[in-house]
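Raw work_1.txt, compact mmCIF, C-alpha atoms:
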# COMPACT_ATOMS: atom_id res chain seq x y z
CA ASP A 1 73.46 1.20 -62.45
CA THR A 2 71.97 4.33 -60.92
CA ALA A 3 70.19 3.49 -57.65
CA VAL A 4 67.82 6.48 -57.57
CA SER A 5 67.27 8.38 -60.79
CA GLN A 6 65.29 11.51 -61.51
CA THR A 7 64.18 13.16 -64.72
CA PRO A 8 64.63 15.82 -65.81
CA LYS A 9 67.82 17.13 -64.19
CA TYR A 10 66.98 20.71 -65.13
CA LEU A 11 63.57 22.26 -65.66
CA VAL A 12 63.05 25.87 -66.68
CA THR A 13 59.48 27.03 -67.07
CA GLN A 14 57.22 30.05 -66.76
CA MET A 15 54.84 30.96 -63.98
CA GLY A 16 51.46 29.34 -64.28
CA ASN A 17 52.67 26.25 -66.13
CA ASP A 18 52.20 22.67 -64.94
CA LYS A 19 55.20 20.34 -64.77
CA SER A 20 56.12 16.86 -63.57
CA ILE A 21 59.26 15.29 -62.16
CA LYS A 22 59.77 11.55 -62.28
CA CYS A 23 61.72 9.33 -59.90
CA GLU A 24 62.69 5.69 -60.07
CA GLN A 25 64.66 3.48 -57.68
CA ASN A 26 66.10 0.05 -58.41
CA LEU A 27 67.07 -0.78 -54.82
CA GLY A 28 63.94 -2.77 -54.01
CA HIS A 29 63.03 -0.28 -51.27
CA ASP A 30 59.51 0.08 -49.90
CA THR A 31 59.64 3.79 -49.05
CA MET A 32 60.18 6.83 -51.24
CA TYR A 33 60.35 10.55 -50.46
CA TRP A 34 60.27 13.98 -52.06
CA TYR A 35 62.37 16.78 -50.58
CA LYS A 36 62.69 20.45 -51.51
CA GLN A 37 66.08 22.14 -51.06
CA ASP A 38 66.06 25.92 -51.13
CA SER A 39 68.86 28.29 -52.10
CA LYS A 40 70.26 28.17 -48.55
CA LYS A 41 70.55 24.37 -48.79
CA PHE A 42 67.76 23.79 -46.27
CA LEU A 43 66.13 20.40 -46.87
CA LYS A 44 62.41 20.11 -46.30
CA ILE A 45 60.52 16.86 -46.59
CA MET A 46 57.37 17.16 -48.67
CA PHE A 47 55.91 13.69 -49.10
CA SER A 48 56.64 10.07 -48.35
CA TYR A 49 55.12 6.86 -49.67
CA ASN A 50 55.45 3.41 -48.16
CA ASN A 51 54.32 0.51 -50.31
CA LYS A 52 52.48 3.00 -52.53
CA GLU A 53 50.59 4.47 -49.56
CA LEU A 54 51.02 8.13 -48.62
CA ILE A 55 52.45 8.29 -45.08
CA ILE A 56 53.87 11.81 -44.90
CA ASN A 57 52.19 14.89 -46.30
CA GLU A 58 53.88 17.95 -44.87
CA THR A 59 52.49 21.45 -45.13
CA VAL A 60 52.76 21.73 -48.88
CA PRO A 61 50.46 23.72 -51.19
CA ASN A 62 47.91 21.44 -52.82
CA ARG A 63 49.34 22.50 -56.17
CA PHE A 64 51.87 19.74 -55.47
CA SER A 65 50.54 16.25 -56.02
CA PRO A 66 52.64 13.11 -55.67
CA LYS A 67 51.76 9.84 -57.29
CA SER A 68 53.26 6.39 -56.77
CA PRO A 69 52.22 3.95 -59.50
CA ASP A 70 54.32 1.21 -57.92
CA LYS A 71 56.97 0.83 -55.19
CA ALA A 72 59.79 1.69 -57.56
CA HIS A 73 58.36 4.96 -58.85
CA LEU A 74 57.31 8.24 -57.29
CA ASN A 75 56.35 11.20 -59.41
CA LEU A 76 55.68 14.80 -58.45
CA HIS A 77 53.27 16.96 -60.38
CA ILE A 78 53.16 20.69 -59.79
CA ASN A 79 50.28 22.85 -61.02
CA SER A 80 50.27 26.59 -61.59
CA LEU A 81 53.95 27.05 -60.90
CA GLU A 82 55.02 30.09 -58.87
CA LEU A 83 58.36 31.88 -58.53
CA GLY A 84 58.72 30.51 -55.00
CA ASP A 85 58.67 26.97 -56.32
CA SER A 86 62.15 27.48 -57.75
CA ALA A 87 64.41 25.05 -55.88
CA VAL A 88 66.15 21.71 -56.20
CA TYR A 89 63.82 18.77 -55.70
CA PHE A 90 65.29 15.50 -54.47
CA CYS A 91 63.79 12.08 -54.56
CA ALA A 92 65.01 9.52 -52.02
CA SER A 93 64.26 5.96 -51.03
CA SER A 94 64.80 3.76 -47.99
CA GLN A 95 64.23 0.16 -47.02
CA ALA A 96 61.43 1.24 -44.67
CA PRO A 97 60.26 4.47 -43.01
CA GLY A 98 62.14 6.18 -40.19
CA LEU A 99 65.27 4.45 -38.96
CA TYR A 100 66.78 3.42 -42.25
CA GLU A 101 69.27 5.46 -44.24
CA GLN A 102 67.91 7.19 -47.30
CA TYR A 103 69.40 7.05 -50.75
CA PHE A 104 69.07 10.25 -52.75
CA GLY A 105 68.68 10.94 -56.42
CA PRO A 106 70.79 13.57 -58.20
CA GLY A 107 68.10 16.23 -57.92
CA THR A 108 65.99 18.26 -60.33
CA ARG A 109 66.75 21.96 -60.45
CA LEU A 110 63.47 23.77 -61.13
CA THR A 111 63.62 27.40 -62.22
CA VAL A 112 60.37 29.31 -62.57
CA THR A 113 60.59 32.58 -64.50
CA ALA B 1 59.85 16.11 -30.85
CA GLN B 2 63.15 15.37 -32.46
CA SER B 3 65.39 18.11 -33.82
CA VAL B 4 68.94 18.67 -34.96
CA THR B 5 71.16 21.73 -34.59
CA GLN B 6 74.33 22.16 -36.57
CA LEU B 7 76.62 24.80 -35.12
CA GLY B 8 78.28 26.87 -37.79
CA SER B 9 76.82 27.25 -41.24
CA HIS B 10 80.34 27.51 -42.69
CA VAL B 11 83.60 25.96 -41.52
CA SER B 12 86.92 26.61 -43.23
CA VAL B 13 90.07 24.60 -42.53
CA SER B 14 93.47 24.24 -44.13
CA GLU B 15 94.36 21.15 -46.10
CA GLY B 16 95.80 18.58 -43.69
CA ALA B 17 94.12 20.14 -40.65
CA LEU B 18 91.54 18.53 -38.38
CA VAL B 19 87.94 18.76 -39.50
CA LEU B 20 85.31 19.15 -36.77
CA LEU B 21 81.65 19.67 -37.67
CA ARG B 22 79.28 20.01 -34.74
CA CYS B 23 75.83 18.49 -34.36
CA ASN B 24 73.52 18.44 -31.35
CA TYR B 25 70.25 16.57 -31.30
CA SER B 26 67.07 16.57 -29.32
CA SER B 27 65.17 13.33 -28.96
CA SER B 28 62.89 11.87 -26.32
CA VAL B 29 64.08 8.32 -26.97
CA PRO B 30 67.39 6.81 -28.09
CA PRO B 31 67.85 8.10 -31.61
CA TYR B 32 69.41 6.94 -34.80
CA LEU B 33 71.82 9.58 -36.09
CA PHE B 34 73.23 10.15 -39.54
CA TRP B 35 75.77 12.31 -41.33
CA TYR B 36 75.27 12.95 -45.02
CA VAL B 37 77.52 14.77 -47.49
CA GLN B 38 76.39 16.72 -50.54
CA TYR B 39 78.97 17.56 -53.18
CA PRO B 40 78.17 20.44 -55.54
CA ASN B 41 75.29 19.72 -57.90
CA GLN B 42 74.75 16.24 -56.49
CA GLY B 43 72.35 14.45 -54.19
CA LEU B 44 73.06 13.56 -50.58
CA GLN B 45 75.27 10.57 -49.81
CA LEU B 46 75.41 8.74 -46.49
CA LEU B 47 78.73 9.21 -44.65
CA LEU B 48 77.94 7.22 -41.52
CA LYS B 49 75.14 6.11 -39.23
CA TYR B 50 74.78 5.58 -35.46
CA THR B 51 72.38 2.86 -34.40
CA SER B 52 73.35 2.40 -30.70
CA ALA B 53 75.74 -0.48 -31.40
CA ALA B 54 78.93 1.53 -30.78
CA THR B 55 79.41 5.13 -29.74
CA LEU B 56 82.29 5.73 -32.17
CA VAL B 57 81.15 5.27 -35.73
CA LYS B 58 83.50 5.11 -38.68
CA GLY B 59 82.31 6.18 -42.08
CA ILE B 60 83.55 6.59 -45.60
CA ASN B 61 86.41 8.84 -46.72
CA GLY B 62 88.12 8.76 -43.30
CA PHE B 63 85.30 10.44 -41.38
CA GLU B 64 84.08 9.33 -37.99
CA ALA B 65 81.58 10.56 -35.42
CA GLU B 66 81.16 9.99 -31.71
CA PHE B 67 77.79 9.70 -30.01
CA LYS B 68 77.81 11.40 -26.60
CA LYS B 69 74.50 10.94 -24.82
CA SER B 70 75.45 13.23 -21.90
CA GLU B 71 76.12 16.07 -24.32
CA THR B 72 73.40 15.08 -26.83
CA SER B 73 76.04 15.48 -29.50
CA PHE B 74 77.16 13.63 -32.60
CA HIS B 75 80.10 15.62 -33.95
CA LEU B 76 81.81 14.64 -37.19
CA THR B 77 85.60 14.58 -37.41
CA LYS B 78 88.38 13.79 -39.84
CA PRO B 79 92.03 13.94 -38.76
CA SER B 80 93.38 15.44 -41.96
CA ALA B 81 91.31 17.46 -44.43
CA HIS B 82 91.65 16.91 -48.14
CA MET B 83 90.63 19.32 -50.88
CA SER B 84 88.06 16.77 -52.05
CA ASP B 85 86.24 17.07 -48.69
CA ALA B 86 84.85 20.48 -49.67
CA ALA B 87 81.08 19.98 -49.61
CA GLU B 88 77.90 20.56 -47.62
CA TYR B 89 77.44 18.28 -44.60
CA PHE B 90 74.11 17.44 -43.00
CA CYS B 91 73.45 15.87 -39.63
CA ALA B 92 70.12 14.04 -39.26
CA VAL B 93 68.12 12.26 -36.56
CA SER B 94 65.38 9.68 -36.53
CA GLU B 95 63.40 7.89 -33.84
CA TYR B 96 61.88 4.44 -33.84
CA SER B 97 58.35 5.81 -33.77
CA ALA B 98 58.99 8.32 -36.51
CA SER B 99 58.50 7.73 -40.19
CA LYS B 100 61.00 10.33 -41.32
CA ILE B 101 64.52 11.67 -40.81
CA ILE B 102 64.93 15.24 -39.59
CA PHE B 103 67.85 17.04 -41.24
CA GLY B 104 69.91 19.86 -39.80
CA SER B 105 70.44 23.09 -41.68
CA GLY B 106 73.80 21.97 -43.05
CA THR B 107 77.42 23.09 -42.68
CA ARG B 108 79.46 24.10 -45.67
CA LEU B 109 83.05 22.88 -45.38
CA SER B 110 85.72 24.77 -47.29
CA ILE B 111 89.32 23.61 -47.55
CA ARG B 112 92.14 26.14 -47.90
CA PRO B 113 95.23 25.05 -49.87
Take the structure in the file and write it out as structure tokens.
Amino acid sequence: DTAVSQTPKYLVTQMGNDKSIKCEQNLGHDTMYWYKQDSKKFLKIMFSYNNKELIINETVPNRFSPKSPDKAHLNLHINSLELGDSAVYFCASSQAPGLYEQYFGPGTRLTVT
Amino acid sequence: AQSVTQLGSHVSVSEGALVLLRCNYSSSVPPYLFWYVQYPNQGLQLLLKYTSAATLVKGINGFEAEFKKSETSFHLTKPSAHMSDAAEYFCAVSEYSASKIIFGSGTRLSIRP
């Protein structure tokens, strides 16, 4: 059983399109996160939800909109995709915010052409 | 504000040699510290975690890390490198009052035959 799963694994799309990435965790965790990893492997947190409430909203263009329908799911919708959005996006979950270790999904490699 | 510095973006060792990956942290209160490993085309996986219970922390795959408050360091070591250890390694820090983990910039470990 995969603890944190993401779909799709690969996403290739053109500039200006809108796309979504889905994430699901079966660990019973309360907190979920979205990270962006650039080509130099730098990990940047984007958003975090705790019990379906947004608790972290880093400096991210408002073209990115997260949505948490329930504690087990966190989706990321991106409008008007730009070349600079090309990266690997990771979903993660933890028992609670802050001190607890995070469990990562396999990542979604987004390529914008 | 908490931060993490990983010294050396790339470390190369011979198979069987000692692995030493350096991490220094900055935190105003006693931190929780983590080491994660990322194998190619995969998500991050927790190697070990320091929670103030013991200064020497043992993790998976033969890795261990020692918390040194006087040096604000949490270096990762393994006595004998294996080819399968080739990966990207991330040090991370969290504080009780924080709702997120701060990741370092990563160190790529290469193993020479």
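Counting from atom CA of A:Leu54, the distance to atom CA of A:Asp38 is 23.4 Å.
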Exercise for the section: Could you please select, counting all atoms listed in the file, the residues of chain B within 12 Å of chain A and state them as a count of residues only? Expected result: 48
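Closest approach to A:Ser39 among A:Asn57, A:Ser94, A:Thr113, A:Ser86 is made by A:Ser86 (distances from all atoms listed in the file).
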- prompt: What's the 6 Å shell around B:Leu76, counting all atoms listed in the file, without same-chain residues fewer than 3 positions away, as a list in words?
  reply: Leu20, Leu21, Glu64 and Ala65 of chain B
### Query
Which residues come within 8 Å of A:Asp70, counting all atoms listed in the file, excluding same-chain residues fewer than 2 positions away, as a list in words?
Asn51, Lys52, Ser68, Ala72, His73 and Leu74 of chain A
Could the centre and edge lengths of an axis-aligned box, enclosing all atoms of stretch 12-27 of chain B in the file with 3 Å extra on each side, be given in Å to one decimal as AutoDock Vina command-line options?
--center_x 80.5 --center_y 20.0 --center_z -37.5 --size_x 36.6 --size_y 19.3 --size_z 23.1
